[in-house]
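S.K.: To be precise about what I am sending: the file is called upload.cif and holds mmCIF, C-alpha atoms.
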```cif
data_start
loop_
_atom_site.label_atom_id
_atom_site.label_comp_id
_atom_site.auth_asym_id
_atom_site.auth_seq_id
_atom_site.Cartn_x
_atom_site.Cartn_y
_atom_site.Cartn_z
CA MET A 1 0.00 0.00 0.00
CA SER A 2 1.25 3.44 -0.90
CA LYS A 3 2.25 5.89 1.79
CA MET A 4 1.94 9.66 1.54
CA ILE A 5 4.23 11.94 3.52
CA ALA A 6 3.63 15.69 3.70
CA VAL A 7 6.51 18.04 4.44
CA CYS A 8 5.30 21.43 5.60
CA GLY A 9 6.44 24.43 7.62
CA SER A 10 7.32 28.07 7.66
CA PRO A 11 8.75 29.90 4.62
CA GLU A 12 12.50 29.35 4.07
CA SER A 13 12.60 26.46 6.53
CA GLY A 14 14.13 24.05 4.02
CA LYS A 15 10.93 22.18 3.15
CA THR A 16 11.82 21.46 -0.46
CA THR A 17 15.36 20.30 0.25
CA ALA A 18 14.28 18.13 3.18
CA ALA A 19 11.34 16.68 1.24
CA LEU A 20 13.50 15.91 -1.76
CA LYS A 21 16.31 14.36 0.26
CA LEU A 22 13.77 12.29 2.20
CA ALA A 23 12.22 11.13 -1.07
CA GLN A 24 15.67 10.16 -2.36
CA GLU A 25 16.40 8.27 0.86
CA LEU A 26 13.15 6.33 0.47
CA TYR A 27 14.17 5.54 -3.09
CA PHE A 28 17.78 4.46 -2.47
CA ALA A 29 17.63 2.95 1.02
CA LYS A 30 14.09 1.61 1.13
CA LYS A 31 14.13 0.63 -2.56
CA GLY A 32 10.70 2.09 -3.10
CA THR A 33 9.04 3.64 -6.11
CA VAL A 34 8.79 7.30 -5.23
CA LEU A 35 6.87 10.35 -6.45
CA PHE A 36 7.87 13.82 -5.31
CA LEU A 37 5.10 16.40 -5.70
CA SER A 38 5.53 20.14 -5.39
CA PRO A 39 2.25 22.08 -5.75
CA ASP A 40 4.06 25.45 -5.49
CA MET A 41 2.79 27.85 -8.15
CA SER A 42 4.60 30.94 -6.83
CA VAL A 43 8.04 29.45 -7.48
CA PRO A 44 7.47 26.38 -9.67
CA ALA A 45 9.80 23.67 -8.38
CA LEU A 46 10.65 22.11 -11.71
CA SER A 47 12.18 25.37 -12.88
CA TYR A 48 14.91 25.29 -10.23
CA LEU A 49 15.19 21.52 -9.78
CA PHE A 50 15.94 21.17 -13.48
CA PRO A 51 17.34 24.55 -14.53
CA HIS A 52 19.34 23.01 -17.36
CA CYS A 53 16.43 21.14 -18.97
CA LYS A 54 14.70 22.39 -22.09
CA GLU A 55 11.06 23.34 -21.65
CA SER A 56 10.06 20.41 -23.89
CA GLU A 57 11.69 18.00 -21.41
CA LEU A 58 9.57 19.21 -18.51
CA TYR A 59 5.90 18.49 -17.92
CA SER A 60 3.32 20.06 -15.65
CA ILE A 61 0.97 18.54 -13.12
CA GLY A 62 -1.37 21.41 -14.06
CA LYS A 63 -2.16 19.57 -17.29
CA ALA A 64 -3.46 16.57 -15.33
CA LEU A 65 -5.33 18.79 -12.88
CA ASP A 66 -7.02 20.62 -15.76
CA LYS A 67 -9.00 17.49 -16.66
CA THR A 68 -12.45 16.74 -15.26
CA ASP A 69 -11.36 13.17 -14.44
CA ILE A 70 -7.80 12.36 -13.39
CA TYR A 71 -6.50 8.88 -14.03
CA LYS A 72 -3.16 7.20 -13.39
CA GLU A 73 -2.21 7.62 -17.08
CA ASP A 74 -2.83 11.39 -16.94
CA VAL A 75 -0.44 11.69 -13.99
CA MET A 76 2.19 9.38 -15.51
CA LYS A 77 2.35 11.59 -18.61
CA GLN A 78 3.39 14.54 -16.44
CA ILE A 79 6.19 12.81 -14.52
CA VAL A 80 9.68 14.24 -14.96
CA SER A 81 12.41 11.69 -14.31
CA VAL A 82 16.20 11.52 -14.27
CA LYS A 83 18.35 8.75 -15.72
CA THR A 84 20.05 7.95 -12.40
CA MET A 85 16.76 7.25 -10.61
CA LEU A 86 14.51 5.15 -12.79
CA ASN A 87 11.60 4.65 -10.41
CA PHE A 88 11.64 8.18 -9.05
CA GLY A 89 9.32 10.80 -10.47
CA PHE A 90 9.03 14.55 -10.05
CA LEU A 91 5.65 16.24 -10.33
CA GLY A 92 5.12 19.96 -10.20
CA PHE A 93 4.67 23.13 -12.16
CA LYS A 94 7.22 24.34 -14.65
CA THR A 95 8.92 27.58 -15.61
CA GLY A 96 6.59 30.40 -16.50
CA GLU A 97 3.50 28.89 -14.90
CA ASN A 98 1.63 30.55 -12.07
CA LYS A 99 -1.70 30.29 -10.25
CA PHE A 100 -3.52 31.73 -13.28
CA SER A 101 -2.17 29.14 -15.73
CA TYR A 102 -4.78 26.51 -14.87
CA PRO A 103 -8.28 26.44 -13.38
CA ARG A 104 -8.42 26.32 -9.60
CA SER A 105 -8.16 22.81 -8.18
CA THR A 106 -11.20 21.31 -6.50
CA GLU A 107 -11.31 18.71 -3.71
CA ASP A 108 -12.53 15.92 -5.98
CA LYS A 109 -9.64 16.52 -8.37
CA VAL A 110 -7.00 16.55 -5.64
CA THR A 111 -8.46 13.35 -4.18
CA ALA A 112 -8.26 11.77 -7.65
CA LEU A 113 -4.68 13.00 -8.03
CA PHE A 114 -3.63 11.48 -4.68
CA HIS A 115 -5.35 8.24 -5.61
CA ALA A 116 -3.57 8.09 -8.97
CA MET A 117 -0.20 8.83 -7.36
CA GLY A 118 -0.85 6.09 -4.82
CA GLU A 119 -1.40 3.65 -7.65
CA ILE A 120 1.92 4.59 -9.23
CA ALA A 121 4.29 4.82 -6.26
CA ASP A 122 5.09 3.16 -2.94
CA TYR A 123 5.88 6.54 -1.44
CA VAL A 124 4.47 9.95 -2.30
CA VAL A 125 6.31 12.89 -0.77
CA VAL A 126 4.45 16.20 -0.95
CA ASP A 127 6.48 19.38 -0.54
CA CYS A 128 3.69 21.54 0.88
CA VAL A 129 3.37 25.28 0.39
CA SER A 130 3.46 27.57 3.45
CA ASP A 131 0.38 29.40 2.20
CA ALA A 132 -2.85 28.13 3.77
CA ASP A 133 -4.72 28.87 0.52
CA ASP A 134 -3.10 26.00 -1.34
CA LEU A 135 -5.65 23.19 -1.55
CA ILE A 136 -3.20 20.42 -2.50
CA SER A 137 -0.98 21.23 0.49
CA ARG A 138 -3.93 21.41 2.89
CA MET A 139 -5.32 18.10 1.69
CA ALA A 140 -1.87 16.47 1.75
CA MET A 141 -1.48 17.47 5.39
CA ARG A 142 -4.96 16.12 6.13
CA ASP A 143 -4.56 12.81 4.28
CA SER A 144 -0.88 11.90 4.77
CA ALA A 145 0.24 9.05 6.97
CA SER A 146 3.04 11.26 8.29
CA VAL A 147 3.35 15.04 8.41
CA ILE A 148 6.83 16.45 8.82
CA GLU A 149 6.74 19.95 10.29
CA MET A 150 9.89 21.89 9.51
CA LEU A 151 11.05 24.42 12.08
CA THR A 152 13.81 26.99 12.12
CA PRO A 153 15.37 28.41 15.28
CA ASP A 154 14.07 31.94 14.93
CA ILE A 155 11.20 34.21 15.96
CA LYS A 156 9.77 34.29 12.43
CA CYS A 157 9.13 30.56 12.58
CA MET A 158 7.36 30.91 15.94
CA ALA A 159 5.23 33.72 14.48
CA TYR A 160 4.34 31.56 11.49
CA TYR A 161 3.17 28.61 13.58
CA SER A 162 1.21 30.79 15.97
CA SER A 163 -0.59 32.43 13.02
CA GLN A 164 -1.05 29.39 10.79
CA GLY A 165 -1.44 26.74 13.48
CA ASP A 166 -4.98 25.89 12.36
CA MET A 167 -3.80 24.45 9.04
CA PHE A 168 -1.61 21.82 10.70
CA PRO A 169 -2.86 18.47 11.95
CA THR A 170 -3.65 18.18 15.61
CA ASP A 171 -3.18 14.41 15.58
CA GLU A 172 0.24 14.16 17.30
CA ASN A 173 0.77 10.57 16.17
CA ARG A 174 1.19 11.65 12.56
CA VAL A 175 3.39 14.69 13.21
CA ILE A 176 7.19 14.60 13.18
CA LYS A 177 8.83 17.89 14.12
CA VAL A 178 12.16 18.55 12.46
CA MET A 179 14.48 21.45 13.22
CA SER A 180 16.40 22.76 10.25
CA ILE A 181 19.67 24.62 10.73
CA CYS A 182 19.99 26.86 7.69
CA ASP A 183 22.89 29.00 8.88
CA ARG A 184 26.21 28.35 10.61
CA ASP A 185 27.67 31.81 10.99
CA LEU A 186 25.34 33.17 13.62
CA TYR A 187 24.37 32.02 17.08
CA LEU A 188 21.01 30.30 16.73
CA PRO A 189 18.68 29.76 19.69
CA THR A 190 18.19 26.09 18.79
CA GLU A 191 17.61 24.76 22.30
CA GLU A 192 15.25 27.59 23.21
CA THR A 193 13.20 26.98 20.05
CA LYS A 194 13.07 23.25 20.77
CA MET A 195 11.71 24.01 24.22
CA TYR A 196 9.11 26.32 22.69
CA PHE A 197 7.86 23.81 20.11
CA LYS A 198 8.29 20.69 22.28
CA ASN A 199 8.83 17.16 20.93
CA VAL A 200 11.30 18.11 18.20
CA ALA A 201 12.35 14.67 17.04
CA PHE A 202 15.18 15.44 14.60
CA THR A 203 17.61 18.20 13.76
CA LEU A 204 18.92 18.60 10.23
CA PRO A 205 22.41 20.09 10.46
CA TYR A 206 23.68 22.92 8.29
CA SER A 207 25.06 21.46 5.08
CA ARG A 208 27.43 23.36 2.83
CA THR A 209 27.10 20.69 0.15
CA LEU A 210 23.34 21.03 0.21
CA LYS A 211 23.59 24.79 -0.12
CA GLN A 212 25.93 24.23 -3.06
CA GLN A 213 23.31 21.99 -4.69
CA VAL A 214 20.68 24.72 -4.29
CA ILE A 215 22.98 27.30 -5.87
CA THR A 216 24.08 25.11 -8.76
CA GLY A 217 20.64 23.68 -9.49
CA THR A 218 21.70 20.11 -8.75
CA LEU A 219 19.27 19.30 -5.93
CA SER A 220 17.97 16.33 -7.88
CA GLU A 221 21.34 14.61 -7.33
CA ARG A 222 22.10 12.55 -4.24
CA LEU A 223 23.73 14.45 -1.38
CA ALA A 224 27.20 13.44 -0.20
CA ASP A 225 27.01 15.09 3.24
CA ARG A 226 27.13 12.19 5.70
CA LYS A 227 25.78 14.02 8.77
CA TYR A 228 22.78 15.41 6.91
CA ARG A 229 22.06 12.05 5.32
CA GLU A 230 22.18 10.28 8.68
CA GLN A 231 19.41 12.51 9.98
CA ILE A 232 17.37 12.09 6.81
CA ALA A 233 17.82 8.31 7.09
CA ALA A 234 16.53 8.45 10.67
CA ILE A 235 13.46 10.42 9.53
CA ALA A 236 12.89 7.93 6.70
CA LYS A 237 13.06 5.07 9.18
CA LYS A 238 10.48 6.80 11.35
CA VAL A 239 8.00 7.44 8.51
CA VAL A 240 8.35 3.94 7.09
CA MET B 1 -7.08 43.77 -20.27
CA ALA B 2 -10.82 44.30 -19.79
CA ASN B 3 -12.96 43.16 -22.69
CA PRO B 4 -16.58 44.34 -22.23
CA ILE B 5 -19.32 42.05 -23.53
CA ALA B 6 -23.08 41.59 -23.06
CA PHE B 7 -24.23 38.75 -20.83
CA VAL B 8 -26.17 36.66 -23.35
CA PRO B 9 -23.47 36.33 -26.03
CA LEU B 10 -20.96 35.63 -23.26
CA LEU B 11 -23.16 32.84 -21.93
CA HIS B 12 -23.26 31.29 -25.40
CA GLN B 13 -19.48 31.45 -25.70
CA VAL B 14 -18.88 29.95 -22.27
CA GLN B 15 -21.39 27.15 -22.92
CA GLU B 16 -19.69 26.32 -26.20
CA TYR B 17 -16.22 26.39 -24.65
CA ILE B 18 -17.16 24.22 -21.66
CA SER B 19 -19.10 21.68 -23.73
CA GLN B 20 -16.20 21.34 -26.17
CA ASN B 21 -13.46 21.03 -23.55
CA TYR B 22 -14.98 19.92 -20.25
CA ALA B 23 -18.32 18.29 -21.08
CA ALA B 24 -18.32 16.13 -17.92
CA ALA B 25 -18.44 19.27 -15.79
CA LEU B 26 -21.82 20.04 -17.34
CA THR B 27 -23.36 16.61 -17.21
CA GLU B 28 -22.20 15.10 -13.91
CA ARG B 29 -23.62 16.72 -10.80
CA SER B 30 -20.59 15.69 -8.72
CA LYS B 31 -18.39 17.76 -11.03
CA PHE B 32 -20.43 20.97 -10.83
CA PRO B 33 -17.88 22.56 -8.44
CA GLN B 34 -15.31 22.17 -11.24
CA LEU B 35 -17.59 24.08 -13.62
CA LYS B 36 -17.09 27.33 -11.68
CA THR B 37 -13.30 26.99 -11.91
CA TYR B 38 -13.46 26.54 -15.70
CA ILE B 39 -15.76 29.57 -16.03
CA GLU B 40 -13.38 31.67 -13.89
CA LYS B 41 -10.42 30.64 -16.01
CA TYR B 42 -12.23 31.40 -19.25
CA LEU B 43 -13.26 34.88 -18.08
CA ARG B 44 -9.73 35.60 -16.87
CA ASP B 45 -8.06 34.40 -20.07
CA LYS B 46 -10.40 36.40 -22.32
CA GLY B 47 -10.60 39.40 -19.98
CA TYR B 48 -14.39 39.51 -20.35
CA THR B 49 -16.39 41.87 -18.17
CA VAL B 50 -20.12 42.58 -18.05
CA GLU B 51 -21.21 46.04 -17.03
CA GLY B 52 -22.38 46.30 -13.45
CA MET B 53 -21.06 42.89 -12.37
CA THR B 54 -17.92 41.84 -10.54
CA THR B 55 -16.05 38.79 -11.86
CA GLY B 56 -17.31 36.75 -8.91
CA ALA B 57 -20.95 37.74 -9.50
CA LEU B 58 -20.57 37.08 -13.23
CA THR B 59 -19.10 33.64 -12.59
CA ASP B 60 -21.97 32.82 -10.23
CA LYS B 61 -24.56 34.02 -12.75
CA LEU B 62 -23.04 32.02 -15.62
CA TYR B 63 -22.85 29.00 -13.33
CA GLY B 64 -26.49 29.51 -12.34
CA GLU B 65 -27.54 29.53 -15.99
CA MET B 66 -25.55 26.42 -16.81
CA ALA B 67 -25.86 24.19 -13.75
CA GLU B 68 -28.83 25.53 -11.83
CA TYR B 69 -32.28 26.87 -12.62
CA SER B 70 -31.35 30.30 -13.91
CA ILE B 71 -33.46 33.08 -12.38
CA LEU B 72 -35.58 30.60 -10.41
CA THR B 73 -32.63 29.24 -8.39
CA LYS B 74 -32.84 31.81 -5.62
CA TYR B 75 -36.52 30.99 -5.01
CA LEU B 76 -36.16 27.21 -4.91
CA GLY B 77 -36.05 25.27 -1.65
CA LYS B 78 -37.30 28.16 0.47
CA ASP B 79 -39.81 27.15 3.15
CA GLU B 80 -41.71 30.43 2.93
CA ILE B 81 -42.49 29.93 -0.78
CA GLU B 82 -45.59 27.92 -1.69
CA GLU B 83 -45.60 28.14 -5.48
CA ILE B 84 -43.76 29.63 -8.46
CA ASN B 85 -45.80 30.35 -11.58
CA VAL B 86 -43.99 31.08 -14.82
CA ASN B 87 -46.78 32.71 -16.84
CA GLY B 88 -44.56 34.13 -19.54
CA TRP B 89 -40.94 35.08 -20.25
CA ASP B 90 -41.47 38.34 -18.39
CA ASP B 91 -44.10 37.26 -15.91
CA ILE B 92 -43.07 35.12 -12.93
CA ALA B 93 -45.31 35.10 -9.86
CA ILE B 94 -44.13 33.91 -6.45
CA THR B 95 -46.82 32.76 -4.02
CA TYR B 96 -45.73 32.78 -0.38
CA THR B 97 -47.08 30.47 2.34
CA ASP B 98 -48.77 33.43 4.03
CA GLY B 99 -50.86 33.88 0.89
CA HIS B 100 -49.35 36.99 -0.62
CA ILE B 101 -48.17 36.97 -4.23
CA GLU B 102 -45.22 38.91 -5.61
CA LYS B 103 -44.07 39.39 -9.19
CA ALA B 104 -40.41 38.48 -9.63
CA ALA B 105 -38.17 41.33 -10.71
CA GLU B 106 -36.19 38.99 -12.97
CA PHE B 107 -37.31 37.80 -16.37
CA TYR B 108 -36.10 35.32 -18.98
CA LYS B 109 -34.01 36.71 -21.79
CA ASN B 110 -34.38 35.53 -25.34
CA ILE B 111 -31.53 33.02 -25.47
#
```
Once you've parsed the file, please lay out its structure as structure tokens.
M.R.:
Amino acid sequence: MSKMIAVCGSPESGKTTAALKLAQELYFAKKGTVLFLSPDMSVPALSYLFPHCKESELYSIGKALDKTDIYKEDVMKQIVSVKTMLNFGFLGFKTGENKFSYPRSTEDKVTALFHAMGEIADYVVVDCVSDADDLISRMAMRDSASVIEMLTPDIKCMAYYSSQGDMFPTDENRVIKVMSICDRDLYLPTEETKMYFKNVAFTLPYSRTLKQQVITGTLSERLADRKYREQIAAIAKKVV
Amino acid sequence: MANPIAFVPLLHQVQEYISQNYAAALTERSKFPQLKTYIEKYLRDKGYTVEGMTTGALTDKLYGEMAEYSILTKYLGKDEIEEINVNGWDDIAITYTDGHIEKAAEFYKNI
């Protein structure tokens, strides 16, 4: 049976990188078929995950969501894949697209999309949008077996969760809180933030290699940083 | 860019567009919520506006014509209404449970 994992959290908390690295861990270590879905229409993920690809090599999940009925075949047509990961698919919006490119999604369509993705993959990792208006993200958080809440050790993150708390699941059994260290130059109140949020299960360390991947547009490649990967492996073990 | 148009020709265009591209949204009741999203997208892409109506109100009105009972929709299902008599295209009488009768302000257009 397929398992859906939603990765959510405050803006700039490393959701996309953590979600992608978790998806890769599930693919390489757990030998699963994996789909990575990014519903972000403000900054379409495919444009920066595959900056070197021609537009004709990228597809858009918007095309599947535009249909009145969404079947497995419609979703499969929109999967972007890389040669090094044969059973790993990327789904998202591509360069130039925005929230006006396609009709608004409706609940029945998103349910059909999740169902189709579940038929294709063992694991579906959804890189949720911070904005509460995004229907796919809200439904992913509602329907996922595990919800990974990304936190950063700063006041902005606390403000985000206190304002947007209603959109997150209240069912503690499904929630895994993960602290993300996005900076190494400054003193970060990591312990204080952990005390504030309580039950922070994992901490993703700062990774220079990961930052390099973001800058060079090579996030779709496997990360060499051992410490970061150890934490991701521990999270993968927990969600599986 | 705004593209002003009259309601009736717009309705014809939207009906044609939806039936050609998203027919299931017109025929399956469970897909009616999708219909509004396709109407919204069509209006946005073409920039159509109808004088005196916001985009939201226009979308609702087009939706009402296509998926509901046009000008009668707002009267249907109300406990205080006993009877609706459509006597002619411009003559609709609403009989209330307390016995009083009112002529509806709306009328059918020649479409």
S.K.: Please provide the set of residues having any atom within 10 Å of B:Pro33, restricted to all atoms listed in the file, with same-chain residues fewer than 4 positions apart removed, written as a list in words.
M.R.: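 The residues satisfying every condition are Ser105, Thr106, Glu107 and Asp108 of chain A; Ala25, Arg29, Thr37, Tyr38, Tyr63 and Ala67 of chain B.
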S.K.: Fewer than 6 positions away in the same chain doesn't count, so skip those; otherwise give me all residues within 12 Å of A:Lys3, counting only C-alpha atoms, as a list of chain:residue names.
M.R.: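 Contacts, with the query itself left out: A:Ala23, A:Leu26, A:Gly32, A:Thr33, A:Val34, A:Leu35, A:Phe114, A:His115, A:Met117, A:Gly118, A:Glu119, A:Ile120, A:Ala121, A:Asp122, A:Tyr123, A:Val124, A:Val125, A:Val126, A:Ala140, A:Asp143, A:Ser144, A:Ala145, A:Ser146, A:Val147, A:Ala236, A:Val239, A:Val240.
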S.K.: I'd like the contact shell of stretch 72-86 of chain A - 6 Å cut-off, only C-alpha atoms, skipping same-chain residues fewer than 3 positions apart - returned as a PDB file with C-alpha atoms, in the frame of the given file.
M.R.:
```
ATOM      1  CA  TYR A  59       5.900  18.490 -17.920  1.00  0.00           C
ATOM      2  CA  SER A  60       3.320  20.060 -15.650  1.00  0.00           C
ATOM      3  CA  ILE A  61       0.970  18.540 -13.120  1.00  0.00           C
ATOM      4  CA  ALA A  64      -3.460  16.570 -15.330  1.00  0.00           C
ATOM      5  CA  GLY A  89       9.320  10.800 -10.470  1.00  0.00           C
ATOM      6  CA  PHE A  90       9.030  14.550 -10.050  1.00  0.00           C
ATOM      7  CA  LEU A  91       5.650  16.240 -10.330  1.00  0.00           C
ATOM      8  CA  ALA A 116      -3.570   8.090  -8.970  1.00  0.00           C
TER       9      ALA A 116
END
```
S.K.: Quick one: contact table of chain A to chain B, 12 Å max, nearest atom pair and distance in Å to one decimal per residue, counting only C-alpha atoms, chain and number order, as a tab-separated table?
M.R.:
```
residue	atom	partner	partner_atom	distance
A:Leu65	CA	B:Gln34	CA	10.7
A:Asp66	CA	B:Tyr38	CA	8.7
A:Lys67	CA	B:Tyr22	CA	7.4
A:Thr68	CA	B:Tyr22	CA	6.4
A:Asp69	CA	B:Ala24	CA	8.3
A:Lys99	CA	B:Lys41	CA	10.5
A:Phe100	CA	B:Lys41	CA	7.5
A:Ser101	CA	B:Lys41	CA	8.4
A:Tyr102	CA	B:Lys41	CA	7.1
A:Pro103	CA	B:Thr37	CA	5.3
A:Arg104	CA	B:Thr37	CA	5.4
A:Ser105	CA	B:Thr37	CA	7.6
A:Thr106	CA	B:Gln34	CA	6.3
A:Glu107	CA	B:Pro33	CA	9.0
A:Asp108	CA	B:Lys31	CA	8.0
A:Lys109	CA	B:Gln34	CA	8.5
A:Val110	CA	B:Gln34	CA	11.5
```
S.K.: Atoms to include: C-alpha atoms. Write the selected residues as a PDB file, in the frame of the given file.
M.R.:
```
ATOM      1  CA  LEU A  65      -5.330  18.790 -12.880  1.00  0.00           C
ATOM      2  CA  ASP A  66      -7.020  20.620 -15.760  1.00  0.00           C
ATOM      3  CA  LYS A  67      -9.000  17.490 -16.660  1.00  0.00           C
ATOM      4  CA  THR A  68     -12.450  16.740 -15.260  1.00  0.00           C
ATOM      5  CA  ASP A  69     -11.360  13.170 -14.440  1.00  0.00           C
ATOM      6  CA  LYS A  99      -1.700  30.290 -10.250  1.00  0.00           C
ATOM      7  CA  PHE A 100      -3.520  31.730 -13.280  1.00  0.00           C
ATOM      8  CA  SER A 101      -2.170  29.140 -15.730  1.00  0.00           C
ATOM      9  CA  TYR A 102      -4.780  26.510 -14.870  1.00  0.00           C
ATOM     10  CA  PRO A 103      -8.280  26.440 -13.380  1.00  0.00           C
ATOM     11  CA  ARG A 104      -8.420  26.320  -9.600  1.00  0.00           C
ATOM     12  CA  SER A 105      -8.160  22.810  -8.180  1.00  0.00           C
ATOM     13  CA  THR A 106     -11.200  21.310  -6.500  1.00  0.00           C
ATOM     14  CA  GLU A 107     -11.310  18.710  -3.710  1.00  0.00           C
ATOM     15  CA  ASP A 108     -12.530  15.920  -5.980  1.00  0.00           C
ATOM     16  CA  LYS A 109      -9.640  16.520  -8.370  1.00  0.00           C
ATOM     17  CA  VAL A 110      -7.000  16.550  -5.640  1.00  0.00           C
TER      18      VAL A 110
END
```
S.K.: Check what the PyMOL selection byres ((chain B and resi 93) around 9) selects in the file above and give those residues as a PyMOL selection string.
M.R.: chain B and resi 83-87+91-92+94-95+101-104
S.K.: Do you know which residues the PyMOL selection byres ((chain A and resi 183-186) around 12) returns on this file, as an MDAnalysis selection string?
M.R.: chainID A and resid 12:14 152:154 180:182 187:190 204:208 210:211
S.K.: Take the selection from the previous step and output its residues with C-alpha atoms, as a compact mmCIF listing (two decimals), keeping the file's coordinate frame.
M.R.:
```txt
# COMPACT_ATOMS: atom_id res chain seq x y z
CA GLU A 12 12.50 29.35 4.07
CA SER A 13 12.60 26.46 6.53
CA GLY A 14 14.13 24.05 4.02
CA THR A 152 13.81 26.99 12.12
CA PRO A 153 15.37 28.41 15.28
CA ASP A 154 14.07 31.94 14.93
CA SER A 180 16.40 22.76 10.25
CA ILE A 181 19.67 24.62 10.73
CA CYS A 182 19.99 26.86 7.69
CA TYR A 187 24.37 32.02 17.08
CA LEU A 188 21.01 30.30 16.73
CA PRO A 189 18.68 29.76 19.69
CA THR A 190 18.19 26.09 18.79
CA LEU A 204 18.92 18.60 10.23
CA PRO A 205 22.41 20.09 10.46
CA TYR A 206 23.68 22.92 8.29
CA SER A 207 25.06 21.46 5.08
CA ARG A 208 27.43 23.36 2.83
CA LEU A 210 23.34 21.03 0.21
CA LYS A 211 23.59 24.79 -0.12
```
S.K.: So the first atom is atom CA of B:Met53 and the second is atom CA of B:Leu11; what is the distance between them in Å, to one decimal place?
M.R.: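 Between these atoms lies a distance of 14.0 Å.
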S.K.: Residues picked by the PyMOL selection byres ((chain A and resi 161) around 12) here, as a ChimeraX atom specification?
M.R.: /A:8-11,13,130-132,149-152,154-160,162-169,196-197
S.K.: Quick one: pull the distance between atom CA of A:Phe202 and atom CA of A:Ser2, Å, one decimal.
M.R.: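 According to the coordinates, atom CA of A:Phe202 and atom CA of A:Ser2 are separated by 24.0 Å.
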S.K.: Find the distance between atom CA of A:Gly92 and atom CA of A:Ile232 and write it in Å to one decimal.
M.R.: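 It comes out at 22.4 Å.
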S.K.: So, counting all atoms listed in the file, which residue among B:Ile81, B:Ala57, B:Met66, B:Val50 is closest to B:Gln15?
M.R.: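 When distances to B:Gln15 are compared using all atoms listed in the file, the smallest one comes from B:Met66.
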S.K.: What would the list of residues within 12 Å of (-25.7, 27.9, -23.7) (file frame) look like as a ChimeraX atom specification, if all atoms listed in the file are what count?
M.R.: /B:7-20,26,62-67,70,110-111
S.K.: Could I see stretch 37-48 of chain A restored to N, CA, C and O atoms, set down as a PDB file, in the frame of the given file?
M.R.:
```
ATOM      1  N   LEU A  37       6.055  15.423  -5.155  1.00  0.00           N
ATOM      2  CA  LEU A  37       5.100  16.400  -5.700  1.00  0.00           C
ATOM      3  C   LEU A  37       5.309  17.766  -5.055  1.00  0.00           C
ATOM      4  O   LEU A  37       5.292  17.893  -3.834  1.00  0.00           O
ATOM      5  N   SER A  38       5.478  18.761  -5.891  1.00  0.00           N
ATOM      6  CA  SER A  38       5.530  20.140  -5.390  1.00  0.00           C
ATOM      7  C   SER A  38       4.361  20.918  -5.998  1.00  0.00           C
ATOM      8  O   SER A  38       4.340  21.162  -7.207  1.00  0.00           O
ATOM      9  N   PRO A  39       3.388  21.322  -5.189  1.00  0.00           N
ATOM     10  CA  PRO A  39       2.250  22.080  -5.750  1.00  0.00           C
ATOM     11  C   PRO A  39       2.504  23.584  -5.820  1.00  0.00           C
ATOM     12  O   PRO A  39       1.581  24.338  -6.098  1.00  0.00           O
ATOM     13  N   ASP A  40       3.745  24.015  -5.552  1.00  0.00           N
ATOM     14  CA  ASP A  40       4.060  25.450  -5.490  1.00  0.00           C
ATOM     15  C   ASP A  40       3.894  26.124  -6.853  1.00  0.00           C
ATOM     16  O   ASP A  40       4.559  25.748  -7.821  1.00  0.00           O
ATOM     17  N   MET A  41       3.002  27.121  -6.895  1.00  0.00           N
ATOM     18  CA  MET A  41       2.790  27.850  -8.150  1.00  0.00           C
ATOM     19  C   MET A  41       3.395  29.253  -8.088  1.00  0.00           C
ATOM     20  O   MET A  41       3.374  29.971  -9.074  1.00  0.00           O
ATOM     21  N   SER A  42       3.926  29.642  -6.927  1.00  0.00           N
ATOM     22  CA  SER A  42       4.600  30.940  -6.830  1.00  0.00           C
ATOM     23  C   SER A  42       6.022  30.814  -7.388  1.00  0.00           C
ATOM     24  O   SER A  42       6.483  31.653  -8.149  1.00  0.00           O
ATOM     25  N   VAL A  43       6.702  29.747  -6.959  1.00  0.00           N
ATOM     26  CA  VAL A  43       8.040  29.450  -7.480  1.00  0.00           C
ATOM     27  C   VAL A  43       7.997  27.992  -7.957  1.00  0.00           C
ATOM     28  O   VAL A  43       8.263  27.075  -7.181  1.00  0.00           O
ATOM     29  N   PRO A  44       7.618  27.757  -9.204  1.00  0.00           N
ATOM     30  CA  PRO A  44       7.470  26.380  -9.670  1.00  0.00           C
ATOM     31  C   PRO A  44       8.754  25.557  -9.483  1.00  0.00           C
ATOM     32  O   PRO A  44       9.823  25.966  -9.934  1.00  0.00           O
ATOM     33  N   ALA A  45       8.626  24.441  -8.778  1.00  0.00           N
ATOM     34  CA  ALA A  45       9.800  23.670  -8.380  1.00  0.00           C
ATOM     35  C   ALA A  45      10.607  23.129  -9.558  1.00  0.00           C
ATOM     36  O   ALA A  45      11.838  23.091  -9.514  1.00  0.00           O
ATOM     37  N   LEU A  46       9.912  22.730 -10.610  1.00  0.00           N
ATOM     38  CA  LEU A  46      10.650  22.110 -11.710  1.00  0.00           C
ATOM     39  C   LEU A  46      11.622  23.088 -12.358  1.00  0.00           C
ATOM     40  O   LEU A  46      12.637  22.686 -12.915  1.00  0.00           O
ATOM     41  N   SER A  47      11.316  24.377 -12.242  1.00  0.00           N
ATOM     42  CA  SER A  47      12.180  25.370 -12.880  1.00  0.00           C
ATOM     43  C   SER A  47      13.542  25.454 -12.193  1.00  0.00           C
ATOM     44  O   SER A  47      14.545  25.735 -12.835  1.00  0.00           O
ATOM     45  N   TYR A  48      13.590  25.220 -10.879  1.00  0.00           N
ATOM     46  CA  TYR A  48      14.910  25.290 -10.230  1.00  0.00           C
ATOM     47  C   TYR A  48      15.492  23.913  -9.897  1.00  0.00           C
ATOM     48  O   TYR A  48      16.675  23.781  -9.625  1.00  0.00           O
TER      49      TYR A  48
END
```
